[in-house]
file run_16.txt (compact mmCIF, C-alpha atoms)
# COMPACT_ATOMS: atom_id res chain seq x y z
CA PRO A 1 28.68 7.45 -1.51
CA GLN A 2 25.54 5.65 -2.64
CA ILE A 3 22.70 7.52 -0.91
CA ALA A 4 19.13 6.33 -0.45
CA VAL A 5 16.19 8.41 0.75
CA LEU A 6 13.40 6.56 2.55
CA GLY A 7 9.89 7.95 2.87
CA SER A 8 7.76 6.17 5.45
CA GLY A 9 4.07 5.43 5.36
CA GLY A 10 1.48 7.71 6.87
CA GLY A 11 -1.24 8.19 4.26
CA LEU A 12 -1.86 11.69 2.98
CA ARG A 13 0.39 13.12 5.70
CA ALA A 14 3.31 11.07 4.35
CA MET A 15 2.56 12.10 0.78
CA VAL A 16 2.60 15.81 1.62
CA ALA A 17 5.59 15.51 3.98
CA LEU A 18 7.69 13.65 1.41
CA MET A 19 6.86 16.30 -1.18
CA GLY A 20 8.02 18.99 1.24
CA THR A 21 11.17 17.00 2.04
CA LEU A 22 12.08 16.56 -1.62
CA SER A 23 11.36 20.23 -2.25
CA GLU A 24 13.83 21.23 0.46
CA LEU A 25 16.43 18.73 -0.78
CA GLY A 26 16.04 20.31 -4.20
CA ALA A 27 16.42 23.81 -2.78
CA GLN A 28 19.65 22.68 -1.10
CA LYS A 29 20.94 21.21 -4.41
CA LEU A 30 21.07 17.70 -2.94
CA LEU A 31 18.64 15.76 -5.12
CA ASP A 32 21.21 15.01 -7.81
CA SER A 33 23.41 13.23 -5.26
CA ILE A 34 20.71 10.71 -4.29
CA GLN A 35 20.70 7.34 -6.05
CA TYR A 36 17.51 5.78 -4.67
CA LEU A 37 14.13 7.00 -3.47
CA CYS A 38 12.15 4.26 -1.73
CA GLY A 39 8.61 4.78 -0.49
CA VAL A 40 6.14 2.91 1.66
CA SER A 41 2.37 3.47 1.63
CA GLY A 42 1.57 7.22 1.51
CA SER A 43 5.06 8.11 0.32
CA THR A 44 4.48 6.04 -2.83
CA TRP A 45 1.49 8.28 -3.58
CA CYS A 46 3.86 11.22 -3.85
CA MET A 47 6.44 9.28 -5.88
CA SER A 48 4.04 7.82 -8.43
CA SER A 49 2.83 11.30 -9.35
CA LEU A 50 6.27 12.88 -9.51
CA TYR A 51 7.81 10.26 -11.75
CA ASN A 52 5.31 10.92 -14.53
CA ASP A 53 7.63 13.83 -15.33
CA GLU A 54 11.14 12.79 -16.39
CA LYS A 55 12.54 16.11 -15.18
CA TRP A 56 10.64 16.56 -11.92
CA SER A 57 13.79 16.95 -9.82
CA LEU A 58 14.75 20.03 -11.85
CA GLN A 59 11.43 21.72 -11.10
CA VAL A 60 10.52 20.33 -7.71
CA GLU A 61 9.01 23.58 -6.40
CA GLN A 62 6.64 23.65 -9.36
CA LYS A 63 5.68 20.05 -8.66
CA GLU A 64 4.97 20.94 -5.06
CA ALA A 65 2.63 23.74 -6.18
CA GLU A 66 0.89 21.39 -8.62
CA MET A 67 0.31 18.86 -5.86
CA VAL A 68 -1.22 21.49 -3.59
CA GLU A 69 -3.51 22.65 -6.40
CA LYS A 70 -4.61 19.10 -7.16
CA LEU A 71 -5.28 18.18 -3.54
CA THR A 72 -7.38 21.29 -2.97
CA SER A 73 -9.43 20.86 -6.12
CA LYS A 74 -13.13 20.33 -5.38
CA GLU A 75 -14.09 18.71 -8.66
CA ILE A 76 -14.48 14.94 -8.34
CA THR A 77 -16.46 12.74 -10.70
CA PHE A 78 -17.21 9.27 -9.42
CA GLN A 79 -18.96 7.87 -12.48
CA ASP A 80 -15.71 6.86 -14.15
CA GLU A 81 -14.55 5.16 -10.97
CA PHE A 82 -17.77 3.17 -10.63
CA ASN A 83 -17.28 2.12 -14.25
CA ARG A 84 -13.72 1.16 -13.34
CA ILE A 85 -15.01 -1.10 -10.56
CA TYR A 86 -17.56 -2.73 -12.87
CA GLU A 87 -14.83 -3.38 -15.42
CA ALA A 88 -12.38 -4.72 -12.82
CA ALA A 89 -15.07 -7.01 -11.39
CA ARG A 90 -15.01 -9.00 -14.64
CA ASP A 91 -11.42 -10.02 -13.98
CA SER A 92 -10.53 -13.05 -11.88
CA ASN A 93 -8.03 -10.90 -9.94
CA PHE A 94 -10.65 -8.39 -8.81
CA SER A 95 -10.00 -7.57 -5.16
CA LEU A 96 -10.69 -4.99 -2.49
CA THR A 97 -7.62 -3.13 -3.76
CA ASP A 98 -9.57 -2.19 -6.90
CA ILE A 99 -12.37 -0.77 -4.76
CA TRP A 100 -9.95 0.97 -2.38
CA ALA A 101 -8.10 2.60 -5.29
CA ALA A 102 -11.27 3.79 -7.02
CA LEU A 103 -13.35 4.93 -4.06
CA TYR A 104 -10.71 6.09 -1.56
CA VAL A 105 -7.35 6.79 -3.19
CA TYR A 106 -8.80 8.61 -6.18
CA PRO A 107 -11.12 10.93 -4.18
CA VAL A 108 -8.32 11.76 -1.75
CA LEU A 109 -5.58 12.33 -4.32
CA ARG A 110 -7.79 13.46 -7.23
CA ASP A 111 -5.54 11.74 -9.71
CA LYS A 112 -6.69 8.89 -11.98
CA GLU A 113 -3.16 7.92 -13.10
CA THR A 114 -3.81 5.70 -16.14
CA LYS A 115 -0.08 5.27 -16.84
CA SER A 116 1.93 2.37 -15.45
CA VAL A 117 5.25 2.16 -13.59
CA SER A 118 7.17 0.94 -16.64
CA ASP A 119 5.99 4.08 -18.49
CA GLN A 120 7.93 6.25 -16.03
CA THR A 121 11.13 6.56 -18.01
CA ASP A 122 14.17 8.63 -17.06
CA LYS A 123 16.38 8.60 -20.15
CA GLU A 124 18.71 11.32 -18.88
CA MET A 125 18.98 9.76 -15.38
CA LEU A 126 18.10 13.04 -13.72
CA ASN A 127 16.11 11.65 -10.79
CA PRO A 128 16.75 9.24 -7.93
CA TYR A 129 15.80 5.70 -8.93
CA PRO A 130 12.28 5.00 -7.56
CA ILE A 131 11.45 1.86 -5.56
CA TYR A 132 7.85 1.10 -4.58
CA SER A 133 7.39 -1.17 -1.57
CA ALA A 134 4.83 -3.91 -0.90
CA ILE A 135 4.71 -7.17 1.02
CA ASP A 136 3.25 -10.61 0.45
CA ARG A 137 0.23 -10.97 2.72
CA TRP A 138 0.33 -14.78 2.96
CA ARG A 139 4.01 -14.78 3.88
CA LEU A 140 3.49 -11.97 6.39
CA GLU A 141 0.78 -13.93 8.18
CA ASN A 142 2.46 -17.35 7.97
CA LYS A 143 6.18 -16.63 8.27
CA ASP A 144 8.30 -14.80 10.81
CA LYS A 145 7.62 -11.06 10.63
CA HIS A 146 11.25 -10.41 9.64
CA ASP A 147 11.47 -13.15 7.02
CA LYS A 148 13.24 -11.52 4.07
CA GLY A 149 10.92 -13.29 1.63
CA ILE A 150 7.99 -11.14 2.78
CA TRP A 151 9.15 -8.03 0.93
CA PHE A 152 8.18 -7.24 -2.65
CA GLU A 153 9.53 -4.33 -4.68
CA ILE A 154 8.26 -2.68 -7.85
CA THR A 155 10.51 -0.56 -10.06
CA ARG A 156 10.13 0.53 -13.66
CA HIS A 157 12.44 -2.31 -14.76
CA GLU A 158 11.60 -5.28 -12.55
CA SER A 159 9.26 -6.46 -9.84
CA GLY A 160 9.68 -9.30 -7.40
CA TYR A 161 11.02 -10.72 -4.17
CA PRO A 162 14.52 -9.32 -3.52
CA GLY A 163 14.98 -11.59 -0.50
CA CYS A 164 14.56 -14.62 -2.77
CA GLY A 165 16.31 -13.16 -5.82
CA ALA A 166 13.17 -13.67 -7.92
CA PHE A 167 12.08 -10.98 -10.38
CA ILE A 168 10.06 -10.42 -13.53
CA GLU A 169 10.02 -7.51 -15.96
CA THR A 170 7.54 -5.01 -14.55
CA SER A 171 5.80 -4.64 -17.92
CA LYS A 172 5.02 -8.38 -17.74
CA PHE A 173 3.96 -8.40 -14.09
CA GLY A 174 0.28 -9.19 -14.31
CA SER A 175 0.52 -11.80 -17.05
CA ILE A 176 -0.30 -15.46 -16.38
CA PHE A 177 2.76 -17.66 -15.92
CA LYS A 178 3.39 -21.36 -15.51
CA GLU A 179 6.77 -23.09 -15.30
CA GLY A 180 8.51 -19.83 -16.20
CA GLU A 181 6.56 -19.33 -19.44
CA ILE A 182 3.85 -16.79 -20.22
CA LEU A 183 0.51 -18.50 -20.82
CA GLU A 184 -1.42 -15.27 -21.36
CA GLU A 185 -0.14 -11.72 -21.65
CA ARG A 186 -2.03 -9.19 -19.58
CA ASP A 187 -1.75 -5.46 -19.03
CA GLU A 188 0.47 -4.11 -16.29
CA MET A 189 -1.37 -2.46 -13.40
CA ASP A 190 -1.82 1.30 -13.71
CA LEU A 191 -0.56 3.84 -11.19
CA LEU A 192 -3.91 4.30 -9.47
CA TYR A 193 -4.02 0.58 -8.70
CA LEU A 194 -0.37 0.76 -7.58
CA LYS A 195 -1.29 3.51 -5.12
CA GLY A 196 -4.14 1.41 -3.83
CA LEU A 197 -1.87 -1.61 -3.46
CA CYS A 198 1.05 0.17 -1.78
CA GLY A 199 -1.31 2.15 0.44
CA SER A 200 -3.61 -0.69 1.52
CA ALA A 201 -2.99 -0.66 5.27
CA LEU A 202 -6.29 -2.53 5.74
CA GLY A 203 -4.94 -5.44 3.69
CA SER A 204 -3.96 -7.50 6.72
CA TRP A 205 -7.02 -8.96 8.41
CA GLU A 206 -5.24 -9.29 11.77
CA GLU A 207 -4.22 -5.62 11.78
CA SER A 208 -7.66 -4.51 10.62
CA LYS A 209 -9.27 -6.52 13.39
CA LYS A 210 -7.06 -4.84 15.99
CA PHE A 211 -8.00 -1.42 14.62
CA ILE A 212 -11.74 -2.10 14.52
CA THR A 213 -11.66 -3.69 17.97
CA SER A 214 -9.94 -0.59 19.34
CA LEU A 215 -12.76 1.53 17.89
CA ILE A 216 -15.35 -0.72 19.48
CA LYS A 217 -13.73 -0.26 22.88
CA VAL A 218 -14.02 3.50 22.44
CA ASP A 219 -17.58 3.47 21.08
CA PRO A 220 -19.93 0.86 22.60
CA ASN A 221 -22.47 1.61 19.87
CA MET A 222 -20.21 -0.30 17.46
CA GLU A 223 -21.10 -3.67 18.98
CA CYS A 224 -22.40 -4.77 15.61
CA MET A 225 -18.88 -4.38 14.19
CA LEU A 226 -17.58 -6.87 16.73
CA LEU A 227 -20.27 -9.33 15.70
CA LEU A 228 -19.30 -8.85 12.06
CA LEU A 229 -15.71 -9.65 12.97
CA ASP A 230 -16.88 -12.84 14.70
CA LEU A 231 -19.00 -13.69 11.67
CA HIS A 232 -16.01 -13.25 9.36
CA GLU A 233 -13.86 -15.60 11.44
CA ALA A 234 -16.63 -18.19 11.80
CA PHE A 235 -17.14 -18.14 8.03
CA ASN A 236 -13.44 -18.67 7.34
CA ASP A 237 -13.12 -21.40 10.00
CA GLY A 238 -16.19 -23.25 8.74
CA THR A 239 -17.96 -23.08 12.10
CA ASP A 240 -21.67 -22.49 12.69
CA CYS A 241 -22.55 -18.89 11.81
CA LYS A 242 -26.21 -19.09 12.85
CA PRO A 243 -25.79 -17.88 16.47
CA ILE A 244 -23.86 -14.82 15.30
CA VAL A 245 -26.41 -14.05 12.59
CA ASN A 246 -29.20 -14.32 15.16
CA ALA A 247 -27.32 -11.94 17.45
CA LEU A 248 -26.93 -9.46 14.61
CA MET A 249 -30.62 -9.65 13.78
CA ALA A 250 -31.49 -9.10 17.42
CA LEU A 251 -29.13 -6.13 17.61
CA GLN A 252 -30.42 -4.33 14.58
CA GLU A 253 -33.61 -4.89 12.63
CA VAL A 254 -33.13 -4.49 8.93
CA VAL A 255 -35.82 -2.15 7.56
CA ILE A 256 -36.29 -1.67 3.83
CA GLU A 257 -38.11 1.57 3.15
CA ALA A 258 -40.98 1.37 0.69
CA ARG A 259 -39.90 4.53 -1.08
CA SER A 260 -36.53 3.04 -2.05
CA LEU A 261 -38.35 0.14 -3.71
CA ASN A 262 -40.56 2.62 -5.54
CA VAL A 263 -37.49 4.42 -6.87
CA GLU A 264 -36.08 1.16 -8.26
CA TRP A 265 -39.50 0.23 -9.71
CA ASN A 266 -39.93 3.59 -11.42
CA LEU A 267 -36.46 3.31 -12.93
CA LEU A 268 -37.21 -0.14 -14.30
CA LYS A 269 -40.45 1.13 -15.89
CA SER A 270 -38.92 4.19 -17.54
CA GLY A 271 -39.63 3.86 -21.29
CA LYS A 272 -36.60 3.34 -23.55
CA GLN A 273 -34.24 3.09 -20.56
CA SER A 274 -36.04 0.17 -18.93
CA LEU A 275 -33.87 -2.55 -20.50
CA THR A 276 -30.66 -0.63 -19.75
CA CYS A 277 -31.74 -0.11 -16.16
CA CYS A 278 -32.61 -3.79 -15.77
CA LEU A 279 -29.25 -4.85 -17.14
CA GLY A 280 -27.49 -2.26 -14.95
CA PHE A 281 -29.40 -3.46 -11.91
CA VAL A 282 -28.45 -7.11 -12.59
CA THR A 283 -24.81 -6.15 -13.17
CA THR A 284 -24.78 -4.16 -9.94
CA LEU A 285 -26.18 -7.14 -8.04
CA LYS A 286 -23.46 -9.37 -9.47
CA VAL A 287 -20.75 -6.89 -8.51
CA ILE A 288 -22.19 -6.54 -5.00
CA THR A 289 -22.21 -10.35 -4.65
CA ILE A 290 -18.54 -10.49 -5.61
CA ILE A 291 -17.67 -7.67 -3.22
CA VAL A 292 -19.43 -9.42 -0.34
CA ARG A 293 -17.34 -12.52 -1.00
CA LEU A 294 -14.15 -10.44 -1.10
CA LEU A 295 -15.11 -8.85 2.21
CA PHE A 296 -15.64 -12.21 3.87
CA GLU A 297 -12.35 -13.53 2.49
CA TRP A 298 -10.66 -10.14 2.98
CA THR A 299 -8.99 -10.39 -0.43
CA TRP A 300 -6.52 -7.63 -1.33
CA GLY A 301 -3.86 -7.13 -4.01
CA THR A 302 -4.51 -10.23 -6.11
CA LYS A 303 -1.87 -10.74 -8.83
CA PHE A 304 -0.83 -13.74 -10.90
CA ASN A 305 2.27 -15.41 -9.47
CA PHE A 306 5.08 -15.25 -12.04
CA LEU A 307 6.79 -18.08 -10.11
CA HIS A 308 3.84 -20.48 -10.41
CA LYS A 309 5.21 -24.03 -10.95
CA TYR A 310 8.63 -22.56 -11.68
CA PRO A 311 11.26 -25.34 -11.99
CA ASN A 312 12.91 -25.51 -8.59
CA PRO A 313 14.82 -28.83 -8.40
CA GLU A 314 17.39 -27.62 -5.85
CA ASN A 315 14.84 -25.69 -3.75
CA VAL A 316 16.60 -22.39 -4.42
CA LEU A 317 13.21 -20.74 -4.02
CA PRO A 318 10.91 -21.35 -1.03
CA SER A 319 8.57 -24.20 -2.00
CA ASP A 320 5.45 -22.24 -1.01
CA LEU A 321 6.41 -19.45 -3.41
CA VAL A 322 6.14 -21.66 -6.51
CA GLN A 323 2.97 -23.52 -5.55
CA ASP A 324 0.17 -20.98 -5.82
CA GLU A 325 -1.20 -19.50 -9.02
CA LYS A 326 -1.75 -16.13 -7.35
CA ILE A 327 -0.09 -13.89 -4.79
CA TYR A 328 -1.65 -11.18 -2.60
CA LEU A 329 0.28 -7.94 -2.13
CA ILE A 330 -0.48 -5.32 0.52
CA ASP A 331 0.94 -2.24 2.27
CA ALA A 332 4.59 -2.76 3.33
CA GLY A 333 4.00 -0.60 6.39
CA LEU A 334 2.33 -3.61 7.99
CA ALA A 335 5.81 -5.17 8.27
CA ILE A 336 8.12 -2.15 8.65
CA ASN A 337 6.79 1.33 7.87
CA CYS A 338 9.98 2.24 6.01
CA GLY A 339 11.64 0.44 3.09
CA TYR A 340 14.98 -0.47 4.69
CA PRO A 341 14.97 -4.08 3.41
CA LEU A 342 14.77 -2.92 -0.20
CA VAL A 343 17.58 -0.36 -0.21
CA LEU A 344 19.80 -2.73 1.79
CA ARG A 345 20.04 -5.22 -1.08
CA PRO A 346 23.83 -5.93 -1.28
CA GLU A 347 24.02 -5.10 -4.99
CA ARG A 348 22.76 -1.58 -4.29
CA GLN A 349 25.77 -0.85 -2.06
CA VAL A 350 23.98 1.91 -0.16
CA GLN A 351 26.34 3.66 2.26
CA LEU A 352 24.09 6.44 3.57
CA ILE A 353 20.38 6.19 4.35
CA LEU A 354 18.31 9.31 4.91
CA SER A 355 15.22 8.04 6.70
CA PHE A 356 12.29 10.44 6.86
CA ASP A 357 9.75 9.07 9.30
CA PHE A 358 6.23 10.47 8.95
CA SER A 359 4.64 7.93 11.31
CA ALA A 360 2.03 9.03 13.83
CA GLY A 361 3.25 6.76 16.64
CA ASP A 362 6.64 5.83 18.07
CA PRO A 363 9.14 7.87 15.97
CA PHE A 364 11.83 5.22 16.52
CA LEU A 365 9.78 2.12 15.77
CA THR A 366 10.82 1.82 12.13
CA VAL A 367 14.54 2.12 12.77
CA HIS A 368 14.36 -0.41 15.65
CA GLN A 369 12.42 -2.82 13.45
CA ALA A 370 14.99 -2.35 10.69
CA ALA A 371 17.77 -3.22 13.14
CA GLU A 372 15.92 -6.39 14.20
CA TYR A 373 15.34 -7.34 10.56
CA CYS A 374 19.01 -6.87 9.70
CA GLN A 375 20.20 -8.80 12.75
CA GLN A 376 17.96 -11.75 11.86
CA ASN A 377 19.08 -11.75 8.22
CA ASN A 378 22.81 -11.06 8.85
CA ILE A 379 22.76 -7.67 7.16
CA PRO A 380 25.23 -5.03 8.46
CA PHE A 381 23.32 -2.29 10.27
CA PRO A 382 24.29 0.12 13.06
CA ASP A 383 23.21 -0.51 16.64
CA ILE A 384 20.12 1.45 17.65
CA PRO A 385 20.12 2.36 21.36
CA VAL A 386 17.08 2.02 23.57
CA VAL A 387 15.08 5.25 23.66
CA SER A 388 13.28 6.54 26.74
CA GLU A 389 9.56 7.26 26.72
CA GLU A 390 10.34 10.94 27.24
CA GLU A 391 12.52 10.94 24.12
CA LYS A 392 9.84 9.17 22.10
CA ALA A 393 7.28 11.76 23.15
CA CYS A 394 9.50 14.66 22.14
CA PRO A 395 12.37 13.58 19.85
CA SER A 396 15.08 15.69 18.27
CA ASP A 397 14.89 16.48 14.58
CA CYS A 398 17.82 14.26 13.54
CA TYR A 399 19.60 11.15 14.81
CA ILE A 400 22.73 9.61 13.32
CA TYR A 401 23.56 5.92 13.69
CA SER A 402 26.82 4.57 12.30
CA GLY A 403 29.43 1.83 12.57
CA GLU A 404 32.30 0.24 10.67
CA ASP A 405 31.59 -1.57 7.38
CA MET A 406 27.90 -0.74 7.43
CA PRO A 407 25.65 2.03 6.13
CA THR A 408 25.19 5.20 8.15
CA VAL A 409 21.57 6.02 8.97
CA MET A 410 20.33 9.57 9.43
CA HIS A 411 16.87 9.36 10.96
CA PHE A 412 14.48 12.35 10.75
CA PRO A 413 11.20 12.13 12.72
CA LEU A 414 8.57 14.46 11.27
CA PHE A 415 7.15 15.33 14.69
CA ASN A 416 10.10 16.65 16.73
CA LYS A 417 11.19 19.43 19.06
CA ALA A 418 11.98 21.80 16.21
CA ASN A 419 8.68 21.30 14.37
CA CYS A 420 6.34 20.97 17.33
CA GLY A 421 7.65 23.53 19.82
CA GLY A 422 9.03 21.02 22.27
CA GLN A 423 5.84 18.96 22.63
CA SER A 424 4.50 15.95 20.78
CA PRO A 425 1.31 16.84 18.86
CA PHE A 426 -0.06 13.44 19.86
CA LEU A 427 -0.08 14.57 23.47
CA ILE A 428 -2.13 17.67 22.71
CA PRO A 429 -5.73 16.76 21.77
CA GLY A 430 -7.13 18.90 19.01
CA HIS A 431 -3.83 20.67 18.34
CA VAL A 432 -3.07 21.24 14.66
CA TYR A 433 0.46 21.32 13.20
call {"tool": "encode", "arguments": {"input": "run_16.txt", "output": "structure tokens"}}
result
Amino acid sequence: PQIAVLGSGGGLRAMVALMGTLSELGAQKLLDSIQYLCGVSGSTWCMSSLYNDEKWSLQVEQKEAEMVEKLTSKEITFQDEFNRIYEAARDSNFSLTDIWAALYVYPVLRDKETKSVSDQTDKEMLNPYPIYSAIDRWRLENKDKHDKGIWFEITRHESGYPGCGAFIETSKFGSIFKEGEILEERDEMDLLYLKGLCGSALGSWEESKKFITSLIKVDPNMECMLLLLDLHEAFNDGTDCKPIVNALMALQEVVIEARSLNVEWNLLKSGKQSLTCCLGFVTTLKVITIIVRLLFEWTWGTKFNFLHKYPNPENVLPSDLVQDEKIYLIDAGLAINCGYPLVLRPERQVQLILSFDFSAGDPFLTVHQAAEYCQQNNIPFPDIPVVSEEEKACPSDCYIYSGEDMPTVMHFPLFNKANCGGQSPFLIPGHVY
């Protein structure tokens, strides 16, 4: 049967857990029977590193050891990443994803990844075919949450909207298009940017607001954050921002220390380096100005739309998909934290799905959401029974869902009775697993 392995999101936890899962599948001689490996968010961090080696599945234990060594390395140099941000800021597609990739993903993963997805060849077809998941932010926020046109996949051959049947060669994804023709060829995104894009859980403003608001409820000292949220919304809605600004000024007085000004002044006066420092200071100010704008607009994952003004006389494609010059891609986990919609493309003919769920919350949420998605889009999928709260708090290590003329799903929650000694780690404060 055609078998697909799904790795859920979950940040660094998902990356490490997927590596361990693949290592065990390799030890059991099962990797060569898997056709597809589809990752969301943190799982794509694991995948993007593995697939730099055409023969990783033959030496998966070695790859696991290399990952451990890299993650525990203490040597991090930020200068190159600051230079990367300065360089990216010159581009019209500069977004918070560039900053996230350089200043969060790189320090956490300690891997610069200058290669691109299309560079990850597999001439001998030794490994499962990799599928990287993302979603279209605009469509997520303006369409039904289970609209099939939300999902975006990236493989080494093509990238695009599987729900709309619209793809472009991955090596050309990033170029400027109009009416189906390339106006300007541009480089494909590198793997570090891909990790930032696929792992950008903050990319949805609505979800970020919920998260920050929850923090504010826990810590009353974060009142200023709530005011900043209000300021962001007032700015976007075009309403009067002055009352909010006044409240912020009343809450916290901005004090500029004299010594910090002296440091800048001394740098600007320093002999042969004065001109360089001045130019660097001006460039930094320009970059900061751009970043402030991106923060107010909450701009993530900006890419040129390869469908811009594409001829669409019979409305085969959604009209909104061909209108805009740019699209904005973010973490697929904001829709479903597992890539079911991508492996369930009819042409892939997947008959068995091994779903490894590394989520920190409801261990059945992803499979229930997948069932809802499939029901809405008339895709065959087994029924998923209602699960009690007791079962959610302490699930078994494997669940099997099946039916006639549909794929069988084997669902593996990371936190389960076998791994956690009969108790959910999320019910034990401070407990480490």
call {"tool": "closest_residue", "arguments": {"input": "run_16.txt", "among": "A:Val60, A:Ala88, A:Ile288, A:Leu192", "to": "Asp111 (chain A)", "atoms": "only C-alpha atoms"}}
result
A:Leu192
call {"tool": "closest_residue", "arguments": {"input": "run_16.txt", "among": "A:Tyr401, A:Trp56, A:Tyr328, A:Tyr51", "to": "Ser204 (chain A)", "atoms": "only C-alpha atoms"}}
result
A:Tyr328
call {"tool": "closest_residue", "arguments": {"input": "run_16.txt", "among": "A:Phe306, A:Tyr106, A:Trp45, A:Phe296", "to": "Ser133 (chain A)", "atoms": "all atoms listed in the file"}}
result
A:Trp45
call {"tool": "residues_around", "arguments": {"input": "run_16.txt", "residues": "Phe167 (chain A)", "least_positions_apart": "5", "cutoff": "10 Å", "atoms": "only C-alpha atoms", "output": "compact mmCIF listing (two decimals) with C-alpha atoms, keeping the file's coordinate frame"}}
result
# COMPACT_ATOMS: atom_id res chain seq x y z
CA PHE A 152 8.18 -7.24 -2.65
CA GLU A 153 9.53 -4.33 -4.68
CA ILE A 154 8.26 -2.68 -7.85
CA HIS A 157 12.44 -2.31 -14.76
CA GLU A 158 11.60 -5.28 -12.55
CA SER A 159 9.26 -6.46 -9.84
CA GLY A 160 9.68 -9.30 -7.40
CA TYR A 161 11.02 -10.72 -4.17
CA PRO A 162 14.52 -9.32 -3.52
CA PHE A 173 3.96 -8.40 -14.09
CA PHE A 306 5.08 -15.25 -12.04
CA LEU A 307 6.79 -18.08 -10.11
call {"tool": "closest_residue", "arguments": {"input": "run_16.txt", "among": "A:Tyr132, A:Trp151, A:Phe94, A:Tyr310", "to": "Lys178 (chain A)", "atoms": "all atoms listed in the file"}}
result
A:Tyr310
call {"tool": "residues_around", "arguments": {"input": "run_16.txt", "residues": "Ser200 (chain A)", "least_positions_apart": "5", "cutoff": "10 Å", "atoms": "all atoms listed in the file", "output": "MDAnalysis selection string"}}
result
chainID A and resid 11 41:42 96:97 100:101 105 134 194:195 300:301 329:334
call {"tool": "closest_residue", "arguments": {"input": "run_16.txt", "among": "A:Leu354, A:Arg84, A:Leu294, A:Ala393", "to": "Leu31 (chain A)", "atoms": "only C-alpha atoms"}}
result
A:Leu354
call {"tool": "decode", "arguments": {"input": "run_16.txt", "residues": "region 115-126 of chain A", "atoms": "N, CA, C and O atoms", "output": "CSV table (one decimal), in the first residue's frame"}}
result
chain,number,residue,atom,x,y,z
A,115,LYS,N,21.3,26.0,1.4
A,115,LYS,CA,20.7,25.3,0.2
A,115,LYS,C,19.2,25.6,0.1
A,115,LYS,O,18.6,26.1,1.0
A,116,SER,N,18.6,25.1,-1.0
A,116,SER,CA,17.2,25.3,-1.2
A,116,SER,C,16.5,23.9,-1.3
A,116,SER,O,17.2,22.9,-1.4
A,117,VAL,N,15.2,23.9,-1.3
A,117,VAL,CA,14.4,22.6,-1.4
A,117,VAL,C,14.7,21.9,-2.7
A,117,VAL,O,14.9,20.7,-2.7
A,118,SER,N,14.8,22.6,-3.8
A,118,SER,CA,15.0,22.0,-5.1
A,118,SER,C,16.4,21.4,-5.2
A,118,SER,O,16.7,20.5,-6.1
A,119,ASP,N,17.3,21.8,-4.3
A,119,ASP,CA,18.7,21.2,-4.3
A,119,ASP,C,18.7,19.8,-3.6
A,119,ASP,O,19.6,19.0,-3.8
A,120,GLN,N,17.6,19.4,-2.9
A,120,GLN,CA,17.5,18.2,-2.2
A,120,GLN,C,17.1,17.0,-3.1
A,120,GLN,O,16.0,16.6,-3.1
A,121,THR,N,18.1,16.6,-3.9
A,121,THR,CA,17.8,15.5,-4.8
A,121,THR,C,17.8,14.1,-4.2
A,121,THR,O,18.3,14.0,-3.1
A,122,ASP,N,17.2,13.2,-4.9
A,122,ASP,CA,17.2,11.8,-4.4
A,122,ASP,C,17.2,10.9,-5.6
A,122,ASP,O,16.2,10.3,-5.9
A,123,LYS,N,18.3,10.9,-6.3
A,123,LYS,CA,18.4,10.2,-7.6
A,123,LYS,C,18.1,8.7,-7.5
A,123,LYS,O,17.5,8.1,-8.4
A,124,GLU,N,18.4,8.1,-6.4
A,124,GLU,CA,18.2,6.7,-6.3
A,124,GLU,C,16.9,6.3,-5.6
A,124,GLU,O,16.6,5.1,-5.4
A,125,MET,N,16.1,7.4,-5.3
A,125,MET,CA,14.8,7.2,-4.7
A,125,MET,C,14.9,6.3,-3.4
A,125,MET,O,14.1,5.4,-3.2
A,126,LEU,N,15.8,6.7,-2.5
A,126,LEU,CA,16.0,5.9,-1.3
A,126,LEU,C,15.1,6.3,-0.2
A,126,LEU,O,14.8,5.5,0.8
